[in-house]
Structures are given as structure tokens and as C-alpha cells.
Amino acid sequence: MRVSVSKSRPYVPPSFPPSELTLTSLGGVRAAGVRAGIKPSGNPDVGLLVFDQSTPLVGVFTQNKLPAAPVGLSREHLARSGGRVRAIVVNSGNANACTGARGDADARAMCARVAAALGCAIEEVLVCSTGVIGVNLPMDRVAAGIDQALTELSPEPAAGRAFLAAIQTTDAFPKEASTRDAGGMFAGVCKGAGMIQPDMATMLAFVGTDLVVSAEELREAMPRMAAASFNAVHVDTHASTNDTFLLFATGRAERTGDFRPPLSRVCRRLAWLIARDGEGATKVTTIDVRGAASDEAAHAIASHVAASALVRTALFGNDPNWGRFVSQVGNAREVRSIEGLRCTLQGISVFENGGPMPFDRGALSHAMNVEDVHLVLELRDGQGRASVMTSDLGYRYVEVNAEYTT
């Protein structure tokens with residue numbers, strides 16, 4: 001898919017076919033998504049996931065020092081329940097962040113309402129919110145939305161997609177991914193397009209499998225899974241107050257192989273979709289750093305390059321201005337030695353051993369005019385390697401964020 005970056009052309013969001021599976025395909029999962037009137041647009045804004053039985057679940061949350069009320073409460077509930085969950089309630093259009101004691105009480109009231117309806121302990125219900133910061137929730141509408149969602153719960157695929165629609169804010173398209181492997185099914189949905197990196201995004205992600213996997217196994221796998229996906233995506237270097245990634249296993253199918261690779265593929269695809277959305281993005285560039293002093297150093301260097309506005313505007317303009325890429329590597333404090341640095345863009349070597357390599361600038365610009373761009377930066381500091389996905393930076397990003405609350 002080729003995308004024009006002409007300033008005069010209106011932004012046309014990409015379109016992707018529905019995933020084969022969604023969360024309700026996993027068995028033992030019901031979902032709903034309804035319009036409660038939280039969003040001025042009238043779009044769906046309350047979603048509910050309900051598990052037929054207590055289900056092992058682990059979470060990774062924002063590192064922002066101003067975590068939203070639902071983040072604090074969900075952390076507390078997971079600790080109290082030992083990682084067993086019956087439901088997740090979500091609202092969009094309002095982040096319930098920086099809302100003080102009232103925000104804490106509102107988040108707790110959302111969980112209590114669902115728990116009462118299901119007949120489970122309140123700590124078995126998690127809550128997520130996303131949207132505008134610093135505005136109190138309209139709890140009368142939220143409560144009515146929860147009640148409506150409870151009546152519309154269904155195991156059908158359409159219900160899973162209704163849930164996905166209800167969690168979106170500035171998303172230009174729905175984000176879902178799935179696969180079959182290791183004797184089971186794997187599916188995930190997420191929302192996010194801005195306030196991305198570091199440590200996830202204005203992002204909510206819900207990923208699961210129908211395999212038998214314990215909470216301990218999920219907890220062990222989660223850090224590496226998050227590091228290679230949702231913590232390896234960049235849009236604008238502004239981590240949110242509400243970031244949440246939840247991973248669960250319904251235990252309906254016996255494992256015949258390792259559950260981690262297929263789950264990682266689903267997470268990686270969802271993270272790619274977030275970068276592809278990127279509030280006006282036209283492409284995703286995967287920045288591979290190899291030969292760093294450690295994996296952590298490689299991740300830091302890749303993130304440093306991904307965060308550069310000069311790098312990202314060059315990507316938007318399909319400009320093979322490799323000087324921006326290599327000079328940003330030189331700015332990274334994790335680099336021990338710049339000697340031997342090699343830069344390869346779309347499979348074409350453009351810089352090696354301290355000097356430029358000959359290449360056809362027009363042909364390389366044409367090769368960059370695609371949805372997937374690959375930039376490889378090779379050092380000689382050690383064996384460390386990492387990848388970060390970043391969106392390009394164009395006119396639409398400014399339009400979306402300059403008018404977010406107006």
C-alpha cells in the first residue's frame with residue numbers, strides 16, 4: 001500500500017480487514033460495547049468483558065507518576081485477588097485522571113456495580129479509562145452504560161468488536177490481531193494513537209488465549225512480551241496516565257507447545273497498528289539497533305533515534321536523509337564507540353566506516369514510500385540488539401492534537 005504525503009491531499013486513514021479471531025472467540029468470554037453519552041460524538045464509550053469463571057490475568061501499567069484512578073485501583077485489585085479476574089469494565093472519552101478523591105471513588109463505584117451484577121468480589125473486577133485528563137466522570141451516564149452493557153453481553157464475535165469500538169478515542173481505525181498455535185487460539189485488541197512512548201501509550205490493550213496458562217506463567221512472560229511490543233513503539237514521547245496492558249488465559253484448551261511466541265506475535269502486531277495510526281501517520285519504521293553494549297543499550301539508542309522530530313519528518317517526506325539517522329546515534333549516551341557504525345535503509349547501505357555509500361536517492365525515496373520501512377543501525381560495542389517501531393511525523397498530527405479538547 002503506497003501513501004502520498006502531499007500536503008494538499010486530505011488525510012485518509014488506512015483500512016485493515018478484520019482479524020480472524022477476536023476476544024470472544026476464545027471461549028468463556030462475553031463482551032459488550034454501548035453508547036452511554038460520555039463522548040460528545042455519541043460514539044460507543046462503555047465496554048465490558050466478562051469471564052464465565054475466575055480467570056488468571058496479569059497487567060502492566062503506566063510508569064507516569066500521576067497514574068489515573070483506574071490504574072491505581074486495578075493494581076490494588078490484582079494484588080488482592082492474586083491475579084484472578086471475572087470482569088473488566090472500560091470507559092472512553094474521559095481518562096478519570098488527575099481527579100482526586102472523587103476519581104478514586106468513581107473508579108471503585110464502576111467496579112462495585114459490575115461485581116454486584118455478577119455476584120463476585122469487587123477485587124475480581126478491573127477498570128480502565130481513557131480520554132481527556134482532569135475532568136470528572138459523568139457517573140449517571142457511566143452507571144447507565146454499565147447496566148446496558150450487562151444486558152447486551154454476548155459471546156458472539158460482533159460483541160467482541162463492539163467492545164473494541166467502545167474503547168477507542170482518537171483511533172482512526174480498529175486495532176485487533178489473532179493467531180492459532182500451540183493447540184489454542186490467541187486474540188487481542190487495543191486502542192492508542194497518541195501519547196505514545198516510553199512505557200506504552202495512551203494505550204489500553206487486552207490480549208488473551210484459550211490455553212491453560214497459570215497466572216505465574218503469565219507473570220513471568222509479561223515483561224519480555226511488553227518490552228518487545230507495547231514498550232517498543234513510539235509516536236510522540238509522552239507517556240499517558242492511563243496506560244494498561246492486560247493479559248489473560250481462559251484455560252479452555254490444552255497446550256501442545258510454547259504459548260509465548262504466538263502471544264508475542266499478537267502483541268507485536270497490535271503495537272505496529274498503534275504506530276501505524278500515530279494520529280496522521282503514513283507509515284511505520286522499525287528501527288533495529290545491533291551490536292550495542294547490551295540489549296538495554298540497544299533499546300535506548302533505538303528509542304533515541306525514534307524520538308527525533310527530524311528523523312520522523314524525513315520519514316514522512318520519504319527523504320533518505322541518512323545524516324539525521326547517524327547523527328542521532330552519535331547523540332545517544334549509550335553508544336561507546338561510533339567507529340564502524342553502519343546505516344542501512346530499506347536494505348540499502350547508505351553509511352559505513354565513517355563515510356557515505358553511493359546509492360540512487362530517487363530509487364531509495366521510492367522504496368521508502370510504503371507502510372513498512374526498515375532502518376538498521378549497526379555498532380561494534382557488543383552483542384546487544386533491540387527494535388523500536390515509530391510512526392512518521394506529518395501535518396495531521398498537529399491538527400489532531402492542536403484541537404483535541406476544542
# chains A, B, ... in the order shown; residues from 1 in each chain; ligands from 1

$ residues_around --residues "stretch 287-296 of chain A" --least-positions-apart "2" --cutoff "10 Å" --atoms "only C-alpha atoms" --output "PDB file with N, CA and C atoms, in the first residue's frame"
ATOM      1  N   ALA A 232       7.923  -0.932  22.934  1.00  0.00           N
ATOM      2  CA  ALA A 232       8.867  -0.733  21.826  1.00  0.00           C
ATOM      3  C   ALA A 232       8.177  -0.008  20.678  1.00  0.00           C
ATOM      4  N   VAL A 284       5.041   3.014   9.293  1.00  0.00           N
ATOM      5  CA  VAL A 284       5.746   2.591  10.499  1.00  0.00           C
ATOM      6  C   VAL A 284       7.178   2.265  10.089  1.00  0.00           C
ATOM      7  N   THR A 285       8.121   2.813  10.832  1.00  0.00           N
ATOM      8  CA  THR A 285       9.524   2.480  10.606  1.00  0.00           C
ATOM      9  C   THR A 285      10.027   1.662  11.778  1.00  0.00           C
ATOM     10  N   ALA A 298      20.811  -1.044  23.415  1.00  0.00           N
ATOM     11  CA  ALA A 298      20.267  -1.038  22.052  1.00  0.00           C
ATOM     12  C   ALA A 298      18.869  -0.434  22.039  1.00  0.00           C
ATOM     13  N   HIS A 299      18.043  -0.790  23.024  1.00  0.00           N
ATOM     14  CA  HIS A 299      16.691  -0.241  23.098  1.00  0.00           C
ATOM     15  C   HIS A 299      16.741   1.271  23.309  1.00  0.00           C
ATOM     16  N   ALA A 300      17.637   1.726  24.171  1.00  0.00           N
ATOM     17  CA  ALA A 300      17.747   3.161  24.435  1.00  0.00           C
ATOM     18  C   ALA A 300      18.201   3.919  23.187  1.00  0.00           C
ATOM     19  N   ILE A 301      19.134   3.363  22.453  1.00  0.00           N
ATOM     20  CA  ILE A 301      19.623   4.019  21.232  1.00  0.00           C
ATOM     21  C   ILE A 301      18.524   4.076  20.180  1.00  0.00           C
ATOM     22  N   ALA A 302      17.823   2.942  19.988  1.00  0.00           N
ATOM     23  CA  ALA A 302      16.729   2.918  19.015  1.00  0.00           C
ATOM     24  C   ALA A 302      15.646   3.924  19.390  1.00  0.00           C
ATOM     25  N   SER A 303      15.328   4.009  20.679  1.00  0.00           N
ATOM     26  CA  SER A 303      14.315   4.960  21.131  1.00  0.00           C
ATOM     27  C   SER A 303      14.776   6.399  20.913  1.00  0.00           C
ATOM     28  N   VAL A 305      16.722   7.499  18.544  1.00  0.00           N
ATOM     29  CA  VAL A 305      16.548   7.811  17.120  1.00  0.00           C
ATOM     30  C   VAL A 305      15.071   7.991  16.793  1.00  0.00           C
ATOM     31  N   ALA A 306      14.230   7.107  17.329  1.00  0.00           N
ATOM     32  CA  ALA A 306      12.793   7.168  17.049  1.00  0.00           C
ATOM     33  C   ALA A 306      12.159   8.457  17.534  1.00  0.00           C
ATOM     34  N   VAL A 329      22.351   8.762  16.399  1.00  0.00           N
ATOM     35  CA  VAL A 329      23.062   7.681  17.094  1.00  0.00           C
ATOM     36  C   VAL A 329      24.227   8.268  17.877  1.00  0.00           C
ATOM     37  N   GLU A 334      24.398   6.017  25.339  1.00  0.00           N
ATOM     38  CA  GLU A 334      24.655   4.582  25.489  1.00  0.00           C
ATOM     39  C   GLU A 334      25.664   4.058  24.475  1.00  0.00           C
ATOM     40  N   VAL A 335      26.020   4.867  23.477  1.00  0.00           N
ATOM     41  CA  VAL A 335      26.995   4.454  22.464  1.00  0.00           C
ATOM     42  C   VAL A 335      28.405   4.612  23.021  1.00  0.00           C
ATOM     43  N   ARG A 336      29.176   3.543  22.984  1.00  0.00           N
ATOM     44  CA  ARG A 336      30.564   3.601  23.467  1.00  0.00           C
ATOM     45  C   ARG A 336      31.501   4.113  22.380  1.00  0.00           C
ATOM     46  N   SER A 337      31.328   3.592  21.184  1.00  0.00           N
ATOM     47  CA  SER A 337      32.189   3.997  20.074  1.00  0.00           C
ATOM     48  C   SER A 337      31.370   4.074  18.800  1.00  0.00           C
ATOM     49  N   LEU A 341      30.204   2.285  12.693  1.00  0.00           N
ATOM     50  CA  LEU A 341      28.752   2.416  12.538  1.00  0.00           C
ATOM     51  C   LEU A 341      28.340   2.209  11.093  1.00  0.00           C
ATOM     52  N   ARG A 342      27.298   1.423  10.914  1.00  0.00           N
ATOM     53  CA  ARG A 342      26.738   1.189   9.585  1.00  0.00           C
ATOM     54  C   ARG A 342      25.247   1.485   9.617  1.00  0.00           C
ATOM     55  N   CYS A 343      24.765   2.166   8.586  1.00  0.00           N
ATOM     56  CA  CYS A 343      23.347   2.507   8.483  1.00  0.00           C
ATOM     57  C   CYS A 343      22.789   1.922   7.194  1.00  0.00           C
ATOM     58  N   THR A 344      21.736   1.136   7.324  1.00  0.00           N
ATOM     59  CA  THR A 344      21.087   0.514   6.174  1.00  0.00           C
ATOM     60  C   THR A 344      19.621   0.898   6.183  1.00  0.00           C
ATOM     61  N   LEU A 345      19.133   1.443   5.080  1.00  0.00           N
ATOM     62  CA  LEU A 345      17.754   1.911   4.963  1.00  0.00           C
ATOM     63  C   LEU A 345      17.076   1.160   3.834  1.00  0.00           C
ATOM     64  N   VAL A 373       8.764   0.532   6.739  1.00  0.00           N
ATOM     65  CA  VAL A 373      10.130   0.930   6.421  1.00  0.00           C
ATOM     66  C   VAL A 373      11.057   0.298   7.452  1.00  0.00           C
ATOM     67  N   HIS A 374      12.240  -0.107   7.010  1.00  0.00           N
ATOM     68  CA  HIS A 374      13.185  -0.788   7.888  1.00  0.00           C
ATOM     69  C   HIS A 374      14.500  -0.020   7.908  1.00  0.00           C
ATOM     70  N   LEU A 375      14.915   0.396   9.102  1.00  0.00           N
ATOM     71  CA  LEU A 375      16.170   1.107   9.307  1.00  0.00           C
ATOM     72  C   LEU A 375      17.029   0.283  10.254  1.00  0.00           C
ATOM     73  N   VAL A 376      18.237  -0.066   9.811  1.00  0.00           N
ATOM     74  CA  VAL A 376      19.157  -0.869  10.618  1.00  0.00           C
ATOM     75  C   VAL A 376      20.383  -0.031  10.942  1.00  0.00           C
ATOM     76  N   LEU A 377      20.730   0.010  12.219  1.00  0.00           N
ATOM     77  CA  LEU A 377      21.910   0.744  12.697  1.00  0.00           C
ATOM     78  C   LEU A 377      22.795  -0.254  13.438  1.00  0.00           C
ATOM     79  N   GLU A 378      23.987  -0.485  12.897  1.00  0.00           N
ATOM     80  CA  GLU A 378      24.892  -1.496  13.444  1.00  0.00           C
ATOM     81  C   GLU A 378      26.112  -0.847  14.081  1.00  0.00           C
ATOM     82  N   LEU A 379      26.386  -1.255  15.331  1.00  0.00           N
ATOM     83  CA  LEU A 379      27.539  -0.788  16.079  1.00  0.00           C
ATOM     84  C   LEU A 379      28.503  -1.943  16.326  1.00  0.00           C
ATOM     85  N   ARG A 380      29.603  -1.631  17.008  1.00  0.00           N
ATOM     86  CA  ARG A 380      30.587  -2.668  17.365  1.00  0.00           C
ATOM     87  C   ARG A 380      30.892  -2.626  18.861  1.00  0.00           C
ATOM     88  N   ASP A 381      29.865  -2.325  19.649  1.00  0.00           N
ATOM     89  CA  ASP A 381      30.062  -2.206  21.092  1.00  0.00           C
ATOM     90  C   ASP A 381      29.849  -3.516  21.838  1.00  0.00           C
ATOM     91  N   GLY A 382      29.185  -4.488  21.222  1.00  0.00           N
ATOM     92  CA  GLY A 382      28.867  -5.734  21.911  1.00  0.00           C
ATOM     93  C   GLY A 382      27.843  -6.529  21.147  1.00  0.00           C
ATOM     94  N   GLN A 383      27.051  -7.310  21.869  1.00  0.00           N
ATOM     95  CA  GLN A 383      26.072  -8.202  21.240  1.00  0.00           C
ATOM     96  C   GLN A 383      24.631  -7.736  21.428  1.00  0.00           C
ATOM     97  N   GLY A 384      24.435  -6.590  22.039  1.00  0.00           N
ATOM     98  CA  GLY A 384      23.078  -6.124  22.322  1.00  0.00           C
ATOM     99  C   GLY A 384      22.308  -5.743  21.081  1.00  0.00           C
ATOM    100  N   ARG A 385      21.013  -6.043  21.097  1.00  0.00           N
ATOM    101  CA  ARG A 385      20.159  -5.684  19.970  1.00  0.00           C
ATOM    102  C   ARG A 385      18.737  -5.439  20.458  1.00  0.00           C
ATOM    103  N   ALA A 386      18.027  -4.582  19.724  1.00  0.00           N
ATOM    104  CA  ALA A 386      16.639  -4.269  20.065  1.00  0.00           C
ATOM    105  C   ALA A 386      15.980  -3.607  18.877  1.00  0.00           C
ATOM    106  N   SER A 387      14.634  -3.607  18.892  1.00  0.00           N
ATOM    107  CA  SER A 387      13.847  -2.972  17.841  1.00  0.00           C
ATOM    108  C   SER A 387      12.843  -2.019  18.471  1.00  0.00           C
ATOM    109  N   VAL A 388      12.626  -0.899  17.821  1.00  0.00           N
ATOM    110  CA  VAL A 388      11.588   0.050  18.208  1.00  0.00           C
ATOM    111  C   VAL A 388      10.815   0.437  16.959  1.00  0.00           C
ATOM    112  N   MET A 389       9.489   0.483  17.073  1.00  0.00           N
ATOM    113  CA  MET A 389       8.637   0.903  15.957  1.00  0.00           C
ATOM    114  C   MET A 389       8.206   2.342  16.173  1.00  0.00           C
ATOM    115  N   THR A 390       8.356   3.176  15.147  1.00  0.00           N
ATOM    116  CA  THR A 390       7.947   4.568  15.261  1.00  0.00           C
ATOM    117  C   THR A 390       7.104   4.985  14.068  1.00  0.00           C
TER     118      THR A 390
END

$ residues_around --residues "A:Met368" --least-positions-apart "3" --cutoff "8 Å" --atoms "only C-alpha atoms" --output "JSON, numbers by chain"
{"A": [315, 318, 319, 320, 346, 364, 365, 373]}

$ residues_around --residues "A:Pro56" --least-positions-apart "3" --cutoff "12 Å" --atoms "only C-alpha atoms" --output "ChimeraX atom specification"
/A:51,53,59,78,81-87,124,208-219,246-251

$ select_by_dssp --residues "stretch 14-138 of chain A" --states "strand (DSSP E)" --output "ChimeraX atom specification"
/A:29-34,46-61,84-94,125-132

$ write_last_selection --atoms "C-alpha atoms" --output "CSV table (one decimal), in the first residue's frame"
chain,number,residue,atom,x,y,z
A,29,VAL,CA,-15.6,-14.7,27.3
A,30,ARG,CA,-18.6,-12.4,26.8
A,31,ALA,CA,-18.4,-8.8,25.8
A,32,ALA,CA,-20.4,-5.7,25.1
A,33,GLY,CA,-19.9,-2.1,23.9
A,34,VAL,CA,-22.5,0.6,24.2
A,46,VAL,CA,-18.6,1.9,27.7
A,47,GLY,CA,-17.2,-1.6,27.2
A,48,LEU,CA,-17.4,-4.7,29.3
A,49,LEU,CA,-15.5,-8.0,29.2
A,50,VAL,CA,-16.9,-10.8,31.4
A,51,PHE,CA,-15.3,-14.2,32.0
A,52,ASP,CA,-17.5,-17.2,32.8
A,53,GLN,CA,-15.2,-18.2,35.6
A,54,SER,CA,-12.4,-16.7,37.6
A,55,THR,CA,-9.5,-16.3,35.1
A,56,PRO,CA,-5.8,-15.8,35.6
A,57,LEU,CA,-4.7,-12.3,34.4
A,58,VAL,CA,-1.6,-10.1,34.8
A,59,GLY,CA,-1.1,-6.5,34.0
A,60,VAL,CA,1.5,-3.9,33.1
A,61,PHE,CA,0.6,-0.2,33.8
A,84,ARG,CA,-7.8,-13.8,39.3
A,85,VAL,CA,-10.4,-11.7,37.4
A,86,ARG,CA,-14.1,-12.1,36.5
A,87,ALA,CA,-14.6,-8.8,34.6
A,88,ILE,CA,-13.0,-5.7,33.1
A,89,VAL,CA,-15.1,-2.5,32.7
A,90,VAL,CA,-13.8,0.3,30.4
A,91,ASN,CA,-14.9,3.8,29.6
A,92,SER,CA,-13.6,6.0,26.9
A,93,GLY,CA,-13.9,9.8,26.4
A,94,ASN,CA,-12.8,10.5,29.9
A,125,VAL,CA,-13.3,-6.6,38.6
A,126,LEU,CA,-10.7,-4.3,36.9
A,127,VAL,CA,-11.4,-0.9,35.5
A,128,CYS,CA,-9.8,1.1,32.7
A,129,SER,CA,-10.5,4.6,31.4
A,130,THR,CA,-9.1,6.7,28.5
A,131,GLY,CA,-9.8,10.1,27.2
A,132,VAL,CA,-9.5,13.7,28.4

$ atom_distance --atom1 "atom CA of A:Val311" --atom2 "atom CA of A:Ala228"
21.6 Å

$ atom_distance --atom1 "atom CA of A:Asp171" --atom2 "atom CA of A:Ile274"
8.5 Å

$ select_by_dssp --residues "stretch 247-361 of chain A" --states "alpha helix (DSSP H)" --output "PyMOL selection string"
chain A and resi 260-277+295-306+309-316+322-331+361

$ write_last_selection --atoms "C-alpha atoms" --output "compact mmCIF listing (two decimals), in the first residue's frame"
# COMPACT_ATOMS: atom_id res chain seq x y z
CA ARG A 260 4.79 -17.26 24.41
CA PRO A 261 5.75 -16.88 20.71
CA PRO A 262 2.15 -16.64 19.41
CA LEU A 263 1.19 -14.24 22.19
CA SER A 264 4.22 -12.14 21.33
CA ARG A 265 3.20 -12.06 17.66
CA VAL A 266 -0.26 -10.78 18.58
CA CYS A 267 1.21 -8.11 20.86
CA ARG A 268 3.75 -7.06 18.26
CA ARG A 269 1.07 -6.70 15.60
CA LEU A 270 -1.10 -4.59 17.91
CA ALA A 271 1.87 -2.36 18.72
CA TRP A 272 2.55 -1.96 14.98
CA LEU A 273 -1.06 -0.90 14.46
CA ILE A 274 -0.70 1.76 17.16
CA ALA A 275 2.37 3.18 15.43
CA ARG A 276 0.60 2.97 12.06
CA ASP A 277 -2.26 5.03 13.42
CA ASP A 295 20.01 -5.17 24.86
CA GLU A 296 19.05 -2.32 27.17
CA ALA A 297 21.56 -0.01 25.48
CA ALA A 298 20.27 -1.04 22.05
CA HIS A 299 16.69 -0.24 23.10
CA ALA A 300 17.75 3.16 24.43
CA ILE A 301 19.62 4.02 21.23
CA ALA A 302 16.73 2.92 19.01
CA SER A 303 14.32 4.96 21.13
CA HIS A 304 16.61 7.99 20.90
CA VAL A 305 16.55 7.81 17.12
CA ALA A 306 12.79 7.17 17.05
CA ALA A 309 11.39 15.01 15.06
CA LEU A 310 13.99 15.48 12.32
CA VAL A 311 14.20 11.74 11.75
CA ARG A 312 10.43 11.33 11.69
CA THR A 313 9.76 14.24 9.33
CA ALA A 314 12.35 12.82 6.93
CA LEU A 315 10.47 9.52 7.05
CA PHE A 316 7.19 11.33 6.38
CA TRP A 322 20.61 9.39 6.46
CA GLY A 323 22.64 12.13 8.15
CA ARG A 324 19.76 12.64 10.55
CA PHE A 325 19.78 8.96 11.49
CA VAL A 326 23.50 8.50 12.11
CA SER A 327 23.98 11.85 13.87
CA GLN A 328 21.23 10.93 16.32
CA VAL A 329 23.06 7.68 17.09
CA GLY A 330 26.07 9.84 17.92
CA ASN A 331 23.91 11.78 20.41
CA ARG A 361 18.48 8.74 -3.97

$ closest_residue --among "A:Val135, A:Gly192, A:Phe359, A:Asn353" --to "A:Ala172" --atoms "only C-alpha atoms"
A:Gly192

$ closest_residue --among "A:Val71, A:Pro174, A:Asp243, A:Phe351" --to "A:Pro14" --atoms "only C-alpha atoms"
A:Pro174

$ closest_residue --among "A:Thr244, A:Thr170, A:Gly42, A:Gly355" --to "A:Leu73" --atoms "only C-alpha atoms"
A:Thr244
